[in-house]
>>> print(open('protein29.cif').read())   # mmCIF, C-alpha atoms
data_structure
loop_
_atom_site.label_atom_id
_atom_site.label_comp_id
_atom_site.auth_asym_id
_atom_site.auth_seq_id
_atom_site.Cartn_x
_atom_site.Cartn_y
_atom_site.Cartn_z
CA MET A 767 273.01 73.82 40.58
CA VAL A 768 273.52 72.64 44.16
CA ALA A 769 273.01 69.55 46.23
CA PHE A 770 269.80 69.75 48.28
CA PHE A 771 269.11 68.27 51.70
CA SER A 772 266.02 68.69 53.86
CA ASN A 773 265.09 67.65 57.37
CA THR A 774 261.61 66.84 58.61
CA SER A 775 262.19 67.23 62.33
CA SER A 776 264.34 69.40 64.55
CA ILE A 777 264.66 66.74 67.26
CA HIS A 778 268.35 65.91 67.77
CA PHE A 779 268.83 67.74 64.48
CA LEU A 780 272.12 69.44 65.24
CA GLY A 781 273.85 66.08 65.56
CA ALA A 782 272.27 64.82 62.33
CA LEU A 783 273.44 67.91 60.48
CA LEU A 784 277.04 66.78 60.79
CA SER A 785 276.40 63.69 58.70
CA LEU A 786 275.37 65.90 55.80
CA LEU A 787 278.84 67.40 55.69
CA LEU A 788 280.28 64.03 54.75
CA LEU A 789 278.22 64.12 51.57
CA LEU A 790 279.98 67.31 50.49
CA ARG A 791 283.52 65.93 50.42
CA HIS A 792 283.46 65.24 46.71
CA ALA A 793 282.71 68.90 46.04
CA ASN A 794 284.82 70.65 48.64
CA ALA A 795 288.19 69.38 49.78
CA ALA A 796 288.06 71.54 52.89
CA ALA A 797 285.06 69.58 54.11
CA ALA A 798 287.23 66.57 54.91
CA ALA A 799 289.13 68.55 57.50
CA ALA A 800 286.07 70.41 58.77
CA SER A 801 284.16 67.17 59.30
CA LYS A 802 286.72 66.18 61.96
CA LEU A 803 286.01 69.20 64.14
CA PRO A 804 284.79 68.11 67.58
CA PHE A 805 281.17 69.27 67.42
CA PRO A 806 279.07 67.78 70.20
CA GLY A 807 275.54 66.55 69.60
CA GLY A 808 272.93 69.22 70.14
CA PRO A 809 270.09 69.02 72.65
CA ALA A 810 266.58 67.90 71.78
CA PHE A 811 263.98 70.62 71.26
CA ARG A 812 260.27 70.04 71.89
CA ASN A 813 257.17 72.06 71.11
CA GLY A 814 255.54 74.07 73.85
CA LYS A 815 252.02 73.31 75.02
CA THR A 816 250.54 76.11 72.92
CA CYS A 817 251.86 74.67 69.64
CA PHE A 818 249.66 73.01 67.06
CA SER A 819 250.87 69.80 65.45
CA SER A 820 253.12 70.42 62.48
CA SER A 821 251.10 70.75 59.28
CA GLU A 822 251.29 72.66 56.02
CA ASN A 823 249.83 75.70 57.78
CA THR A 824 252.12 75.62 60.82
CA THR A 825 255.40 74.42 59.28
CA ILE A 826 258.10 77.09 59.07
CA HIS A 827 260.45 76.47 56.14
CA ILE A 828 263.99 77.83 56.45
CA ALA A 829 266.62 77.59 53.71
CA MET A 830 270.37 77.87 54.33
CA THR A 831 273.52 76.96 52.45
CA LEU A 832 275.86 74.28 53.77
CA ASP A 833 279.51 75.08 53.13
CA ALA A 834 282.42 73.50 55.02
CA ASN A 835 284.03 76.92 55.54
CA TYR A 836 280.84 78.20 57.17
CA LEU A 837 279.68 75.01 58.90
CA ARG A 838 280.48 76.39 62.33
CA GLY A 839 278.31 79.40 61.60
CA THR A 840 275.49 77.25 60.25
CA MET A 841 275.50 75.12 63.40
CA ALA A 842 275.33 78.22 65.61
CA ALA A 843 272.51 79.69 63.52
CA VAL A 844 270.45 76.50 63.70
CA LEU A 845 270.97 76.21 67.45
CA SER A 846 269.92 79.83 68.00
CA ILE A 847 266.76 79.37 65.92
CA LEU A 848 265.68 76.21 67.73
CA GLN A 849 266.62 77.54 71.15
CA HIS A 850 264.42 80.62 70.80
CA SER A 851 261.53 78.93 68.99
CA THR A 852 258.30 78.25 70.86
CA CYS A 853 257.48 75.48 68.40
CA PRO A 854 260.84 74.04 67.24
CA GLU A 855 259.30 70.82 65.96
CA ASN A 856 257.41 72.89 63.40
CA VAL A 857 260.65 74.21 61.88
CA VAL A 858 261.94 72.48 58.74
CA PHE A 859 265.42 73.29 57.44
CA HIS A 860 266.34 72.99 53.76
CA PHE A 861 270.09 72.92 53.12
CA PHE A 862 271.87 73.61 49.85
CA GLY A 863 275.39 72.24 49.52
CA PRO A 864 278.00 72.52 46.76
CA GLY A 865 277.25 70.36 43.76
CA ARG A 866 277.23 70.73 40.00
CA SER A 867 276.64 74.37 39.18
CA PRO A 868 277.34 74.99 35.46
CA ARG A 869 274.29 77.20 35.08
CA VAL A 870 275.35 79.80 37.60
CA ARG A 871 279.12 79.35 37.39
CA GLY A 872 279.17 80.77 33.88
CA LEU A 873 277.29 83.85 35.09
CA ILE A 874 279.43 84.71 38.12
CA SER A 875 281.58 87.81 37.80
CA LYS A 876 284.57 88.51 40.02
CA SER A 877 283.63 90.66 43.01
CA ILE A 878 285.54 92.53 45.69
CA ARG A 879 285.75 89.48 47.99
CA GLN A 880 286.43 85.86 46.95
CA ALA A 881 283.78 84.41 49.27
CA LEU A 882 281.15 86.32 47.30
CA ASP A 883 282.19 84.57 44.09
CA GLN A 884 281.26 81.05 45.23
CA PRO A 885 278.29 79.39 43.50
CA LEU A 886 276.62 78.76 46.86
CA ASN A 887 276.39 82.51 47.36
CA TYR A 888 274.00 82.52 44.40
CA ALA A 889 271.82 79.62 45.62
CA ARG A 890 269.30 82.13 47.03
CA ILE A 891 268.38 83.06 43.47
CA TYR A 892 267.23 79.51 42.66
CA LEU A 893 265.48 78.47 45.89
CA ALA A 894 262.04 78.43 44.29
CA ASP A 895 263.32 76.31 41.41
CA ILE A 896 264.99 73.69 43.62
CA LEU A 897 262.62 73.32 46.55
CA PRO A 898 259.66 70.90 46.45
CA GLN A 899 256.50 72.37 44.94
CA GLU A 900 254.66 72.08 48.24
CA VAL A 901 256.95 74.72 49.75
CA ARG A 902 255.04 77.93 49.16
CA ARG A 903 256.62 80.27 51.67
CA LEU A 904 260.21 80.39 52.85
CA ILE A 905 262.70 82.20 55.07
CA TYR A 906 266.22 82.38 53.65
CA LEU A 907 269.05 82.94 56.12
CA ASP A 908 272.80 83.37 55.75
CA SER A 909 275.10 81.20 57.87
CA ASP A 910 276.84 84.05 59.71
CA LEU A 911 273.99 85.04 62.00
CA VAL A 912 272.19 84.09 65.18
CA MET A 913 268.54 84.58 66.03
CA VAL A 914 267.59 85.82 69.49
CA ASP A 915 263.82 85.85 69.02
CA ASP A 916 261.10 83.43 67.95
CA VAL A 917 261.41 82.82 64.19
CA ALA A 918 257.61 82.44 64.04
CA LYS A 919 257.33 86.22 64.41
CA LEU A 920 259.27 86.73 61.18
CA TRP A 921 257.36 83.92 59.48
CA GLU A 922 254.02 85.59 60.27
CA VAL A 923 254.89 88.89 58.56
CA ASP A 924 252.16 89.81 56.07
CA LEU A 925 253.81 90.13 52.64
CA LYS A 926 250.95 92.33 51.34
CA GLU A 927 251.04 90.74 47.86
CA LYS A 928 254.79 91.30 47.60
CA VAL A 929 257.12 88.49 46.58
CA LEU A 930 259.75 89.35 49.19
CA ALA A 931 260.00 90.88 52.65
CA ALA A 932 263.19 92.15 54.32
CA PRO A 933 264.38 95.13 56.36
CA GLU A 934 264.95 98.17 54.14
CA TYR A 935 267.66 100.78 54.70
CA CYS A 936 266.60 103.85 52.76
CA HIS A 937 269.36 106.01 54.23
CA ALA A 938 271.99 103.92 52.40
CA ASN A 939 273.30 105.45 49.18
CA LEU A 940 272.18 103.02 46.48
CA THR A 941 274.46 104.78 43.99
CA ASN A 942 277.50 103.17 45.64
CA TYR A 943 276.34 99.65 44.78
CA PHE A 944 276.67 100.22 41.05
CA THR A 945 279.50 101.37 38.80
CA ASP A 946 279.88 104.50 36.75
CA ALA A 947 279.27 102.33 33.70
CA PHE A 948 275.77 101.63 35.02
CA TRP A 949 274.86 105.20 35.93
CA SER A 950 276.33 106.68 32.75
CA ASP A 951 274.34 104.34 30.50
CA PRO A 952 271.16 106.16 29.36
CA GLU A 953 269.07 102.99 29.40
CA LEU A 954 270.45 101.21 32.46
CA SER A 955 270.35 104.31 34.63
CA ARG A 956 266.55 104.42 34.21
CA THR A 957 266.14 100.99 35.82
CA PHE A 958 264.75 102.39 39.07
CA GLU A 959 262.37 104.89 37.47
CA GLY A 960 258.88 104.66 38.96
CA ARG A 961 260.24 103.07 42.15
CA LYS A 962 261.56 104.38 45.45
CA PRO A 963 264.47 101.93 45.72
CA CYS A 964 266.05 101.21 49.08
CA TYR A 965 268.94 98.94 49.97
CA PHE A 966 268.05 95.61 51.56
CA ASN A 967 270.33 92.80 52.67
CA THR A 968 269.66 89.43 51.01
CA GLY A 969 270.97 87.45 54.00
CA VAL A 970 267.56 87.58 55.69
CA MET A 971 264.53 87.29 53.42
CA LEU A 972 260.95 86.08 53.68
CA MET A 973 259.84 84.83 50.27
CA ASP A 974 256.50 83.99 48.69
CA VAL A 975 257.84 81.02 46.74
CA GLU A 976 254.73 80.66 44.58
CA LYS A 977 254.86 84.28 43.45
CA TRP A 978 258.60 83.96 42.79
CA ARG A 979 257.97 80.97 40.53
CA LYS A 980 255.00 82.50 38.71
CA GLY A 981 256.82 85.80 38.24
CA GLY A 982 259.96 84.17 36.84
CA TYR A 983 262.16 86.07 39.27
CA SER A 984 265.08 83.65 39.00
CA GLN A 985 265.32 84.51 35.31
CA LYS A 986 264.93 88.22 35.98
CA VAL A 987 267.88 88.16 38.38
CA GLU A 988 269.89 86.02 35.95
CA ASP A 989 269.25 88.52 33.15
CA TRP A 990 271.09 91.17 35.14
CA MET A 991 273.97 88.77 35.72
CA VAL A 992 274.25 88.41 31.95
CA VAL A 993 274.41 92.20 31.61
CA GLN A 994 277.13 92.23 34.28
CA LYS A 995 279.24 89.79 32.26
CA GLN A 996 278.95 92.04 29.22
CA LYS A 997 279.37 95.39 30.94
CA ARG A 998 280.58 95.54 34.52
CA ILE A 999 277.80 97.39 36.34
CA TYR A 1000 278.42 96.35 39.98
CA HIS A 1001 281.11 94.91 42.28
CA LEU A 1002 279.35 92.98 45.03
CA GLY A 1003 278.36 89.36 44.26
CA SER A 1004 274.71 88.29 44.25
CA LEU A 1005 273.25 91.34 46.04
CA PRO A 1006 273.14 93.96 43.23
CA PRO A 1007 271.02 91.92 40.79
CA PHE A 1008 268.47 91.42 43.59
CA LEU A 1009 268.41 95.18 44.11
CA LEU A 1010 267.99 95.81 40.40
CA VAL A 1011 264.97 93.54 40.24
CA LEU A 1012 263.29 94.17 43.59
CA ALA A 1013 264.54 97.34 45.35
CA GLY A 1014 261.55 99.54 46.02
CA ASN A 1015 259.10 96.69 45.52
CA ILE A 1016 259.40 94.57 48.67
CA LYS A 1017 257.52 94.47 51.97
CA PRO A 1018 259.63 96.33 54.58
CA VAL A 1019 260.32 94.43 57.81
CA ASP A 1020 261.36 95.92 61.15
CA HIS A 1021 265.13 96.49 61.34
CA ARG A 1022 265.30 94.29 64.42
CA TRP A 1023 265.26 91.29 62.06
CA ASN A 1024 268.63 92.06 60.52
CA GLN A 1025 271.20 93.79 62.72
CA HIS A 1026 273.67 93.41 59.85
CA GLY A 1027 277.20 94.61 59.19
CA LEU A 1028 278.67 93.13 62.38
CA GLY A 1029 281.47 91.61 60.29
CA GLY A 1030 282.63 95.05 59.19
CA ASP A 1031 283.19 96.00 55.57
CA ASN A 1032 284.09 93.64 52.74
CA ILE A 1033 287.75 94.69 52.63
CA GLU A 1034 289.12 94.86 56.19
CA GLY A 1035 286.31 93.54 58.36
CA LYS A 1036 286.97 95.97 61.19
CA CYS A 1037 284.92 95.88 64.38
CA ARG A 1038 281.54 97.57 64.44
CA GLY A 1039 279.12 98.17 67.26
CA LEU A 1040 275.42 97.48 67.46
CA HIS A 1041 272.89 99.85 65.97
CA PRO A 1042 270.42 101.36 68.45
CA GLY A 1043 267.04 99.71 68.89
CA PRO A 1044 265.60 96.27 69.65
CA ILE A 1045 267.31 93.18 68.19
CA SER A 1046 265.83 89.89 67.01
CA LEU A 1047 268.67 88.76 64.72
CA LEU A 1048 272.42 89.47 64.73
CA HIS A 1049 274.16 89.22 61.37
CA TRP A 1050 277.94 89.20 60.81
CA SER A 1051 277.75 90.27 57.17
CA GLY A 1052 281.06 91.61 55.93
CA LYS A 1053 284.54 90.11 55.93
CA GLY A 1054 284.92 89.49 59.68
CA LYS A 1055 283.38 86.25 60.99
CA PRO A 1056 282.98 85.76 64.76
CA TRP A 1057 284.41 82.21 64.90
CA LEU A 1058 287.59 83.32 63.14
CA ARG A 1059 288.05 86.39 65.31
CA LEU A 1060 287.39 84.43 68.49
CA ASP A 1061 289.94 81.76 67.50
CA SER A 1062 292.52 84.43 66.72
CA ARG A 1063 292.05 85.81 70.25
CA ARG A 1064 291.21 89.18 68.70
CA PRO A 1065 287.42 89.24 68.92
CA CYS A 1066 285.24 92.28 68.58
CA ASN A 1067 282.83 93.01 71.41
CA VAL A 1068 279.85 91.83 69.36
CA ASP A 1069 281.50 88.44 68.74
CA HIS A 1070 280.85 87.49 72.35
CA LEU A 1071 277.13 87.59 71.53
CA TRP A 1072 277.72 84.79 69.00
CA ALA A 1073 279.95 82.63 71.23
CA PRO A 1074 277.17 81.08 73.40
CA TYR A 1075 275.76 79.38 70.29
CA ASP A 1076 279.11 77.97 69.15
CA LEU A 1077 279.01 74.16 69.26
CA TYR A 1078 282.67 73.81 68.35
CA ARG A 1079 284.63 72.79 71.41
CA SER A 1080 288.12 74.20 71.22
CA SER A 1081 290.89 75.08 73.65
CA LYS A 1082 290.50 78.73 72.71
CA HIS A 1083 286.91 79.14 73.78
CA SER A 1084 284.29 76.56 74.66
CA PHE A 1085 280.58 76.14 74.75
CA GLU A 1086 279.52 76.31 78.39
CA GLU A 1087 277.67 73.18 79.42
#
>>> encode(input="protein29.cif", output="structure tokens")
Amino acid sequence: MVAFFSNTSSIHFLGALLSLLLLLRHANAAAAAASKLPFPGGPAFRNGKTCFSSSENTTIHIAMTLDANYLRGTMAAVLSILQHSTCPENVVFHFFGPGRSPRVRGLISKSIRQALDQPLNYARIYLADILPQEVRRLIYLDSDLVMVDDVAKLWEVDLKEKVLAAPEYCHANLTNYFTDAFWSDPELSRTFEGRKPCYFNTGVMLMDVEKWRKGGYSQKVEDWMVVQKQKRIYHLGSLPPFLLVLAGNIKPVDHRWNQHGLGGDNIEGKCRGLHPGPISLLHWSGKGKPWLRLDSRRPCNVDHLWAPYDLYRSSKHSFEE
């Protein structure tokens, strides 16, 4: 479905990440231009004195996609994670780049934004199928975010026998994520019976990979994508099938771990402010991306919180040395 790359050490990792982009040229013409951007090498990150040596029990596995159009965001996300980690040498990144994707491509339905229709947007469904068997627990992160807290705190969340953990937003109207065709169907509309479903954002997820594999969750999500191809029941990419399978049956995580929506809505991407409360992760979900708005000289206030992690040196704004 996708090309898979993994690192075993975070030392000098930001510089090494650039070489991976060269491997993507055959699958994404834009990568050729993006690979020429003047990214500097990143600093080295070392474990603190309180860290144990990296082992199966201490290794933190993080999965992200690697797309030329979002490379700048990926670099910023990685830097922010390592910079705020007490034990950065214990962090292992698994990257998924564009490759052959016939399985998922035939299941993708057109959504309200083109970026949501890319096969890489669906890679999160297949993480457990692609990753090595020894990976039993995983954090999945989108590329349009920065972390401002120690990722180990998220990693240590007790899943309580659940397959997935993420911040829940029960005030959101779940009805809006599905079409009239879904709610008017006598059988489909009973999907959430017996659950108390709440919206959750799939850009930040802690996953029990073993339970995902044993429970056949990739197939369960795919089954809803098949229904979508036959009868349009939602509009928004890979999120709705996750909600259909798991909403109301995940471990809730503190909202501080996904201050999402900073990119505005999926149509206009207008500026939004921060939600009240403590923040551990800032997420520019929505149409507006901070690197694009900063380059256009029309940034939103929240975009300046992303800028310090930007490794792209440009004449428009630069990373302060």
>>> resolve_selection(input="protein29.cif", expression="the PyMOL selection byres ((chain A and resi 962) around 12)", output="mmCIF file with C-alpha atoms, keeping the file's coordinate frame")
data_model
loop_
_atom_site.group_PDB
_atom_site.id
_atom_site.type_symbol
_atom_site.label_atom_id
_atom_site.label_comp_id
_atom_site.auth_asym_id
_atom_site.auth_seq_id
_atom_site.Cartn_x
_atom_site.Cartn_y
_atom_site.Cartn_z
ATOM 1 C CA GLU A 934 264.950 98.170 54.140
ATOM 2 C CA TYR A 935 267.660 100.780 54.700
ATOM 3 C CA CYS A 936 266.600 103.850 52.760
ATOM 4 C CA HIS A 937 269.360 106.010 54.230
ATOM 5 C CA LEU A 940 272.180 103.020 46.480
ATOM 6 C CA THR A 957 266.140 100.990 35.820
ATOM 7 C CA PHE A 958 264.750 102.390 39.070
ATOM 8 C CA GLU A 959 262.370 104.890 37.470
ATOM 9 C CA GLY A 960 258.880 104.660 38.960
ATOM 10 C CA ARG A 961 260.240 103.070 42.150
ATOM 11 C CA PRO A 963 264.470 101.930 45.720
ATOM 12 C CA CYS A 964 266.050 101.210 49.080
ATOM 13 C CA TYR A 965 268.940 98.940 49.970
ATOM 14 C CA LEU A 1009 268.410 95.180 44.110
ATOM 15 C CA LEU A 1010 267.990 95.810 40.400
ATOM 16 C CA LEU A 1012 263.290 94.170 43.590
ATOM 17 C CA ALA A 1013 264.540 97.340 45.350
ATOM 18 C CA GLY A 1014 261.550 99.540 46.020
ATOM 19 C CA ASN A 1015 259.100 96.690 45.520
ATOM 20 C CA ILE A 1016 259.400 94.570 48.670
#
>>> resolve_selection(input="protein29.cif", expression="the PyMOL selection byres ((chain A and resi 925) around 12)", output="compact mmCIF listing (two decimals) with C-alpha atoms, keeping the file's coordinate frame")
# COMPACT_ATOMS: atom_id res chain seq x y z
CA ARG A 903 256.62 80.27 51.67
CA LEU A 904 260.21 80.39 52.85
CA LEU A 920 259.27 86.73 61.18
CA TRP A 921 257.36 83.92 59.48
CA GLU A 922 254.02 85.59 60.27
CA VAL A 923 254.89 88.89 58.56
CA ASP A 924 252.16 89.81 56.07
CA LYS A 926 250.95 92.33 51.34
CA GLU A 927 251.04 90.74 47.86
CA LYS A 928 254.79 91.30 47.60
CA VAL A 929 257.12 88.49 46.58
CA LEU A 930 259.75 89.35 49.19
CA ALA A 931 260.00 90.88 52.65
CA ALA A 932 263.19 92.15 54.32
CA MET A 971 264.53 87.29 53.42
CA LEU A 972 260.95 86.08 53.68
CA MET A 973 259.84 84.83 50.27
CA ASP A 974 256.50 83.99 48.69
CA VAL A 975 257.84 81.02 46.74
CA LYS A 977 254.86 84.28 43.45
CA ASN A 1015 259.10 96.69 45.52
CA ILE A 1016 259.40 94.57 48.67
CA LYS A 1017 257.52 94.47 51.97
CA PRO A 1018 259.63 96.33 54.58
CA VAL A 1019 260.32 94.43 57.81
>>> residues_around(input="protein29.cif", residues="A:Leu1048", least_positions_apart="6", cutoff="9 Å", atoms="only C-alpha atoms", output="PyMOL selection string")
chain A and resi 910-914+1022-1028+1040+1071-1072
>>> closest_residue(input="protein29.cif", among="A:Leu832, A:Phe966, A:Gln849, A:Ile891", to="A:Pro864", atoms="only C-alpha atoms")
A:Leu832
>>> closest_residue(input="protein29.cif", among="A:Asp951, A:Asp908, A:Asp895, A:Asp989", to="A:Glu976", atoms="only C-alpha atoms")
A:Asp895
